Structure formats: C-alpha cells, structure tokens
$ cat my_file-v9.txt   # compact mmCIF, C-alpha atoms
# COMPACT_ATOMS: atom_id res chain seq x y z
CA MET A 1 28.13 116.38 89.97
CA PHE A 2 28.10 118.31 86.73
CA ASP A 3 31.15 120.44 86.01
CA ARG A 4 30.00 124.01 85.46
CA THR A 5 32.40 124.71 82.60
CA SER A 6 31.55 121.56 80.65
CA ALA A 7 27.80 121.55 81.34
CA VAL A 8 27.08 124.95 79.82
CA SER A 9 27.33 125.66 76.11
CA GLY A 10 26.21 129.30 76.04
CA ARG A 11 28.58 132.06 77.06
CA PRO A 12 27.42 134.48 79.78
CA THR A 13 25.99 137.73 78.46
CA GLY A 14 24.96 139.46 81.67
CA THR A 15 21.42 139.60 80.30
CA LEU A 16 18.49 137.46 81.38
CA ARG A 17 18.01 134.66 78.86
CA ALA A 18 15.99 132.03 80.71
CA VAL A 19 13.80 131.40 83.74
CA LEU A 20 14.19 128.11 85.64
CA TRP A 21 11.17 127.10 87.69
CA ASP A 22 10.98 124.96 90.80
CA MET A 23 7.68 123.09 90.95
CA ASP A 24 6.45 122.05 94.42
CA GLY A 25 5.62 125.10 96.51
CA THR A 26 6.67 127.51 93.75
CA LEU A 27 4.32 126.90 90.81
CA LEU A 28 2.00 124.42 92.51
CA GLU A 29 0.57 124.38 96.03
CA SER A 30 1.76 120.78 96.27
CA GLU A 31 3.90 121.02 99.40
CA ASN A 32 0.68 120.58 101.36
CA LEU A 33 0.13 117.30 99.51
CA TRP A 34 3.69 116.21 100.23
CA ASP A 35 3.03 117.05 103.86
CA ILE A 36 0.19 114.52 103.84
CA GLY A 37 2.24 111.92 102.02
CA VAL A 38 5.43 112.02 104.09
CA ARG A 39 3.55 112.15 107.38
CA GLU A 40 1.49 109.12 106.36
CA LEU A 41 4.69 107.38 105.29
CA SER A 42 6.22 108.02 108.71
CA LEU A 43 3.20 106.45 110.37
CA HIS A 44 3.35 103.55 107.93
CA LEU A 45 7.00 102.99 108.87
CA GLY A 46 6.40 103.08 112.60
CA GLY A 47 5.69 106.47 114.14
CA PRO A 48 4.50 110.09 113.77
CA MET A 49 6.73 112.67 112.11
CA SER A 50 8.05 115.58 114.15
CA GLU A 51 7.88 119.11 112.79
CA GLU A 52 11.70 119.21 112.73
CA THR A 53 11.81 116.14 110.51
CA ARG A 54 9.12 117.52 108.23
CA GLN A 55 11.00 120.79 107.78
CA ALA A 56 14.14 118.84 106.88
CA THR A 57 12.30 117.03 104.07
CA ILE A 58 10.94 120.17 102.37
CA GLY A 59 12.54 120.59 98.97
CA ALA A 60 14.74 117.52 99.44
CA SER A 61 15.34 114.84 96.84
CA SER A 62 13.35 111.64 97.36
CA TYR A 63 16.48 109.84 98.57
CA ASN A 64 17.47 112.53 101.06
CA ALA A 65 13.90 112.84 102.31
CA LEU A 66 13.66 109.09 102.88
CA ILE A 67 17.03 109.00 104.65
CA THR A 68 15.78 111.79 106.94
CA VAL A 69 12.57 109.89 107.75
CA PHE A 70 14.44 106.65 108.39
CA ALA A 71 16.94 108.40 110.67
CA ALA A 72 14.16 110.06 112.66
CA LEU A 73 12.53 106.66 113.23
CA ASP A 74 15.88 104.97 113.92
CA LEU A 75 15.35 102.57 111.01
CA ASP A 76 18.06 100.82 109.01
CA PRO A 77 18.26 102.58 105.60
CA HIS A 78 18.82 99.36 103.71
CA PRO A 79 18.44 99.90 99.94
CA ASP A 80 15.54 97.43 99.77
CA ALA A 81 13.75 99.16 102.65
CA LEU A 82 14.28 102.57 101.04
CA ALA A 83 12.96 101.25 97.72
CA ASP A 84 9.85 99.84 99.39
CA ALA A 85 9.26 103.13 101.23
CA LYS A 86 9.68 105.15 98.04
CA HIS A 87 7.23 102.91 96.20
CA TRP A 88 4.70 103.33 99.01
CA LEU A 89 5.16 107.12 99.07
CA TYR A 90 5.00 107.58 95.31
CA THR A 91 1.91 105.41 95.04
CA ARG A 92 0.23 107.61 97.64
CA MET A 93 1.47 110.83 96.07
CA GLY A 94 0.27 109.73 92.65
CA LYS A 95 -3.25 109.43 94.03
CA LEU A 96 -2.98 112.84 95.70
CA PHE A 97 -1.64 114.44 92.50
CA GLU A 98 -4.39 112.84 90.41
CA ALA A 99 -7.03 114.28 92.74
CA GLY A 100 -5.96 117.80 91.77
CA LEU A 101 -2.98 120.14 91.97
CA PRO A 102 -3.79 123.72 92.99
CA TRP A 103 -1.72 126.60 91.61
CA ARG A 104 0.34 129.03 93.64
CA PRO A 105 -0.94 132.62 93.35
CA GLY A 106 0.16 134.27 90.11
CA ALA A 107 2.01 131.19 88.80
CA GLN A 108 -0.07 130.63 85.67
CA GLN A 109 0.27 134.22 84.52
CA ALA A 110 3.99 134.24 85.37
CA LEU A 111 4.55 131.27 83.06
CA ARG A 112 2.65 133.06 80.28
CA THR A 113 4.69 136.21 80.89
CA VAL A 114 7.97 134.37 80.42
CA ARG A 115 6.71 132.80 77.20
CA ALA A 116 5.50 136.16 75.88
CA ALA A 117 8.93 137.65 76.64
CA GLU A 118 10.50 134.91 74.47
CA LEU A 119 12.77 133.77 77.29
CA GLY A 120 13.89 130.18 77.69
CA SER A 121 11.96 128.22 80.29
CA ALA A 122 12.69 124.98 82.14
CA LEU A 123 11.08 123.11 85.01
CA VAL A 124 13.69 122.03 87.59
CA THR A 125 12.34 119.78 90.32
CA ASN A 126 13.56 117.22 92.85
CA THR A 127 10.38 115.26 92.18
CA ASP A 128 10.95 112.10 90.13
CA ARG A 129 9.75 111.91 86.53
CA GLU A 130 6.81 109.59 87.24
CA LEU A 131 5.13 112.21 89.45
CA CYS A 132 6.35 115.18 87.43
CA GLU A 133 4.39 113.85 84.46
CA PHE A 134 1.16 114.18 86.47
CA ALA A 135 2.08 117.74 87.35
CA LEU A 136 2.96 118.70 83.78
CA ASP A 137 -0.60 117.90 82.76
CA THR A 138 -1.69 120.68 85.13
CA LEU A 139 1.17 123.07 84.46
CA GLY A 140 0.96 122.83 80.68
CA ARG A 141 3.91 121.38 78.81
CA GLU A 142 3.83 124.27 76.37
CA HIS A 143 5.24 126.55 79.07
CA PHE A 144 8.58 124.72 79.19
CA ASP A 145 11.35 124.04 76.70
CA HIS A 146 12.73 121.33 78.99
CA SER A 147 12.12 119.69 82.35
CA VAL A 148 14.71 118.21 84.69
CA CYS A 149 13.64 115.78 87.43
CA GLY A 150 15.35 114.53 90.55
CA ASP A 151 15.94 111.04 89.17
CA GLU A 152 17.60 112.39 86.00
CA VAL A 153 20.72 113.92 87.56
CA PRO A 154 23.57 112.46 89.64
CA GLU A 155 22.48 114.43 92.71
CA GLY A 156 19.29 116.34 93.49
CA LYS A 157 18.99 119.73 95.14
CA PRO A 158 20.80 121.18 97.14
CA ASP A 159 23.43 119.98 94.67
CA PRO A 160 23.58 122.37 91.67
CA ALA A 161 23.34 119.48 89.17
CA PRO A 162 19.63 119.97 88.32
CA TYR A 163 20.11 123.65 87.53
CA LEU A 164 23.32 123.05 85.61
CA ARG A 165 21.51 120.42 83.56
CA ALA A 166 18.63 122.78 82.79
CA ALA A 167 20.99 125.56 81.69
CA HIS A 168 22.88 123.10 79.51
CA LEU A 169 19.68 121.90 77.83
CA LEU A 170 18.67 125.50 77.15
CA GLY A 171 22.13 126.36 75.82
CA VAL A 172 22.66 129.25 78.23
CA ASP A 173 25.03 130.02 81.08
CA PRO A 174 23.48 129.82 84.59
CA VAL A 175 24.51 133.42 85.27
CA ASP A 176 22.03 134.44 82.58
CA CYS A 177 19.21 132.56 84.32
CA LEU A 178 16.70 133.56 86.94
CA ALA A 179 15.74 130.59 89.12
CA VAL A 180 12.43 130.78 90.99
CA GLU A 181 12.40 128.85 94.26
CA ASP A 182 10.53 128.54 97.55
CA SER A 183 12.80 126.40 99.77
CA PRO A 184 16.28 126.64 101.34
CA THR A 185 17.28 123.45 99.51
CA GLY A 186 16.25 124.75 96.10
CA ALA A 187 17.68 128.21 96.65
CA ALA A 188 21.02 126.70 97.66
CA ALA A 189 21.08 124.55 94.51
CA ALA A 190 20.29 127.43 92.16
CA GLU A 191 22.77 129.73 93.86
CA ALA A 192 25.53 127.10 93.71
CA ALA A 193 24.87 126.72 89.98
CA GLY A 194 25.43 130.45 89.49
CA CYS A 195 21.84 131.57 88.93
CA THR A 196 20.17 134.64 90.30
CA VAL A 197 17.51 133.31 92.68
CA LEU A 198 14.05 134.79 93.04
CA VAL A 199 12.61 133.41 96.28
CA ILE A 200 8.84 133.18 96.73
CA PRO A 201 8.56 131.57 100.20
CA SER A 202 5.77 129.11 100.84
CA ILE A 203 5.76 126.97 103.99
CA THR A 204 9.35 127.35 105.17
CA THR A 205 11.77 130.22 105.78
CA VAL A 206 14.57 130.76 103.27
CA PRO A 207 17.76 132.43 104.57
CA GLU A 208 18.89 135.63 102.91
CA SER A 209 21.93 135.69 100.64
CA PRO A 210 23.55 138.18 98.25
CA ARG A 211 22.37 136.15 95.24
CA ARG A 212 18.78 135.83 96.49
CA ILE A 213 16.00 138.32 95.85
CA PHE A 214 12.75 137.97 97.76
CA ARG A 215 9.21 138.63 96.61
CA THR A 216 6.08 137.70 98.50
CA THR A 217 4.16 136.42 95.47
CA LEU A 218 4.33 135.79 91.74
CA GLU A 219 1.17 137.86 91.31
CA GLY A 220 1.70 140.95 89.18
CA LEU A 221 5.14 139.83 87.96
CA THR A 222 5.88 141.45 84.60
CA ALA A 223 8.57 140.91 81.98
CA PRO A 224 10.32 144.18 82.93
CA ASP A 225 10.26 142.96 86.54
CA LEU A 226 12.09 139.77 85.54
CA PHE A 227 14.84 141.65 83.73
CA ALA A 228 15.13 144.20 86.55
CA LEU A 229 15.38 141.48 89.22
CA HIS A 230 18.13 139.78 87.27
CA ARG A 231 20.03 143.03 86.70
CA GLN A 232 19.66 143.90 90.38
CA GLU A 233 21.72 140.87 91.35
CA VAL A 234 24.29 140.82 88.54
CA ALA A 235 24.97 144.57 88.65

$ encode --input "my_file-v9.txt" --output "structure tokens"
Amino acid sequence: MFDRTSAVSGRPTGTLRAVLWDMDGTLLESENLWDIGVRELSLHLGGPMSEETRQATIGASSYNALITVFAALDLDPHPDALADAKHWLYTRMGKLFEAGLPWRPGAQQALRTVRAAELGSALVTNTDRELCEFALDTLGREHFDHSVCGDEVPEGKPDPAPYLRAAHLLGVDPVDCLAVEDSPTGAAAAEAAGCTVLVIPSITTVPESPRRIFRTTLEGLTAPDLFALHRQEVA
C-alpha cells in the first residue's frame, strides 16, 4: 500500500486542483459488457453466476473478482487456474471492447469541462492496462494527464493505492482532488485516499458517507459545479 505522506508531493490547498475519473460505469457504459464477460466466465468455469456474486464483482480488481467467482463455484484458486481464467476473461473482454464502448450520459462533455477549467485529470481504474488501452482510444488520451490501472499498483480498489498513485503523478494532495465514481468499491478507495468523492451511480447502490456527494448524472456538470462540490465537502 502507498503511504499517503510519501506518495503525495503537493501540499493541500483546500482548493480543487484535479479530477480523478473512474472508467467502467462512470465514463463508459462498460459495466454491461463486464456483466456479459464475467457471467460467461462463470459458465466456462462450471456454472451460472448468481446475482449476489455479480454484485460482489462490480468495481473489483481482476484478482478480487476472480477470487469471488472461484469461491462461488467452490473452485480451488490455484495461481495457474486464476491465470488461465484471467486470460480467458480478458480475451473475451477485448473482443467486447473492440466492438464498441458506449459513453455514460454527459461524460464526454464533463471531460472537456475539466480540461477547459485547466484542472489536472487522471484516469483511475481497476481494469488492467491491456484493456484500458482499448478504452483510451474511445475516451481520448488528450483528456488525461495520467492513467493508473489495476495492474500498476500493489493493490487495486477498494485499497486507496490507485488514487494515491494518481495524485502523486499529478503532484497534488488527494484532499485537493475530486474523484468521480459509480461503485461502492471505487468510492471506498477514493475516500480512503482522502479525496472528495462525487458518486454517479450506475448499476449498483453506493452507500452514503460524509465524504461522498451524489449526483444522478454527469450531464450539465459545469466547472463552477466542480469547485462547489469540492468546497461542499471540505468546508
């Protein structure tokens, strides 16, 4: 796990300096594609996936999601078996991603708004780099100063490591960041890192918390909104 004091180079200012974006379910309507992939993986491994198991995989790192699937099917999570399952899943997901990644409502304009406001911007996802590269072709690499993937940190979300890494790369303190998330796992990670969390729920319910602000959509989000949402939490 990253140490918060050593991972951040910029001192907190109390002012919004950067926006940290989750990807699946937040910017892209890709959770529906993951739903296809993980359910097909479960069948491939031996049986259908329950709704409880599916909910537990939403927003999880690839390792944690695979462990959840293996446990639900009472399979031995041997490293070789997990590696084979991950290869199968990522091969399938690569084909689904290549077929087209739909945007979440308002996401494209929200990215442009952050750029126009001259705020730092980073993509922070539990998805591994190989699939993230497909997504960046849709998202537009110009919208991000950095991207942090699940296989590039010691622990994925809900651990704060991905968000601490993103803040470090941007040279800002997490308290000066607004993280945009859609899942309980991601919200927990951003909150643990010290970020203000803007939650835009997609296919799962996110519990309320003092550091979490909820909005139904990214549509109509303006630069003054971003600063006001951040101030609302840090005030």

$ residues_near_point --input "my_file-v9.txt" --point "(12.7, 120.7, 106.9)" --cutoff "12 Å" --atoms "all atoms listed in the file" --output "compact mmCIF listing (two decimals) with C-alpha atoms, keeping the file's coordinate frame"
# COMPACT_ATOMS: atom_id res chain seq x y z
CA GLU A 31 3.90 121.02 99.40
CA ASP A 35 3.03 117.05 103.86
CA VAL A 38 5.43 112.02 104.09
CA MET A 49 6.73 112.67 112.11
CA SER A 50 8.05 115.58 114.15
CA GLU A 51 7.88 119.11 112.79
CA GLU A 52 11.70 119.21 112.73
CA THR A 53 11.81 116.14 110.51
CA ARG A 54 9.12 117.52 108.23
CA GLN A 55 11.00 120.79 107.78
CA ALA A 56 14.14 118.84 106.88
CA THR A 57 12.30 117.03 104.07
CA ILE A 58 10.94 120.17 102.37
CA GLY A 59 12.54 120.59 98.97
CA ALA A 60 14.74 117.52 99.44
CA SER A 61 15.34 114.84 96.84
CA ASN A 64 17.47 112.53 101.06
CA ALA A 65 13.90 112.84 102.31
CA THR A 68 15.78 111.79 106.94
CA VAL A 69 12.57 109.89 107.75
CA SER A 183 12.80 126.40 99.77
CA PRO A 184 16.28 126.64 101.34
CA THR A 185 17.28 123.45 99.51
CA ILE A 203 5.76 126.97 103.99
CA THR A 204 9.35 127.35 105.17
CA THR A 205 11.77 130.22 105.78
CA VAL A 206 14.57 130.76 103.27

$ atom_distance --input "my_file-v9.txt" --atom1 "atom CA of A:Val197" --atom2 "atom CA of A:Glu181"
7.0 Å

$ atom_distance --input "my_file-v9.txt" --atom1 "atom CA of A:Leu41" --atom2 "atom CA of A:Ala135"
20.9 Å

$ closest_residue --input "my_file-v9.txt" --among "A:Glu191, A:Asp137, A:Asp225, A:Asp84" --to "A:Arg212" --atoms "only C-alpha atoms"
A:Glu191

$ closest_residue --input "my_file-v9.txt" --among "A:Ser62, A:Thr15, A:Asn32, A:Thr222" --to "A:Lys157" --atoms "all atoms listed in the file"
A:Ser62

$ closest_residue --input "my_file-v9.txt" --among "A:Leu139, A:Leu198, A:Ala85, A:Ala122" --to "A:Gly171" --atoms "only C-alpha atoms"
A:Ala122

$ residues_around --input "my_file-v9.txt" --residues "A:Glu133" --least-positions-apart "3" --cutoff "12 Å" --atoms "all atoms listed in the file" --output "ChimeraX atom specification"
/A:23,94,97-98,123,125,127-130,136-141,147-149

$ atom_distance --input "my_file-v9.txt" --atom1 "atom CA of A:Pro158" --atom2 "atom CA of A:Ala193"
9.9 Å

$ closest_residue --input "my_file-v9.txt" --among "A:Asp159, A:Asp173, A:Glu40, A:Asp22" --to "A:Tyr90" --atoms "all atoms listed in the file"
A:Glu40

$ closest_residue --input "my_file-v9.txt" --among "A:Ala161, A:Leu27, A:Val175, A:Leu73" --to "A:Pro201" --atoms "all atoms listed in the file"
A:Leu27

$ closest_residue --input "my_file-v9.txt" --among "A:Leu75, A:Ile200, A:Val124, A:Cys132" --to "A:Ala166" --atoms "only C-alpha atoms"
A:Val124

$ axis_aligned_box --input "my_file-v9.txt" --around "stretch 151-159 of chain A" --padding-each-side "6 Å" --output "AutoDock Vina command-line options"
--center_x 19.8 --center_y 116.1 --center_z 91.6 --size_x 19.6 --size_y 22.1 --size_z 23.1
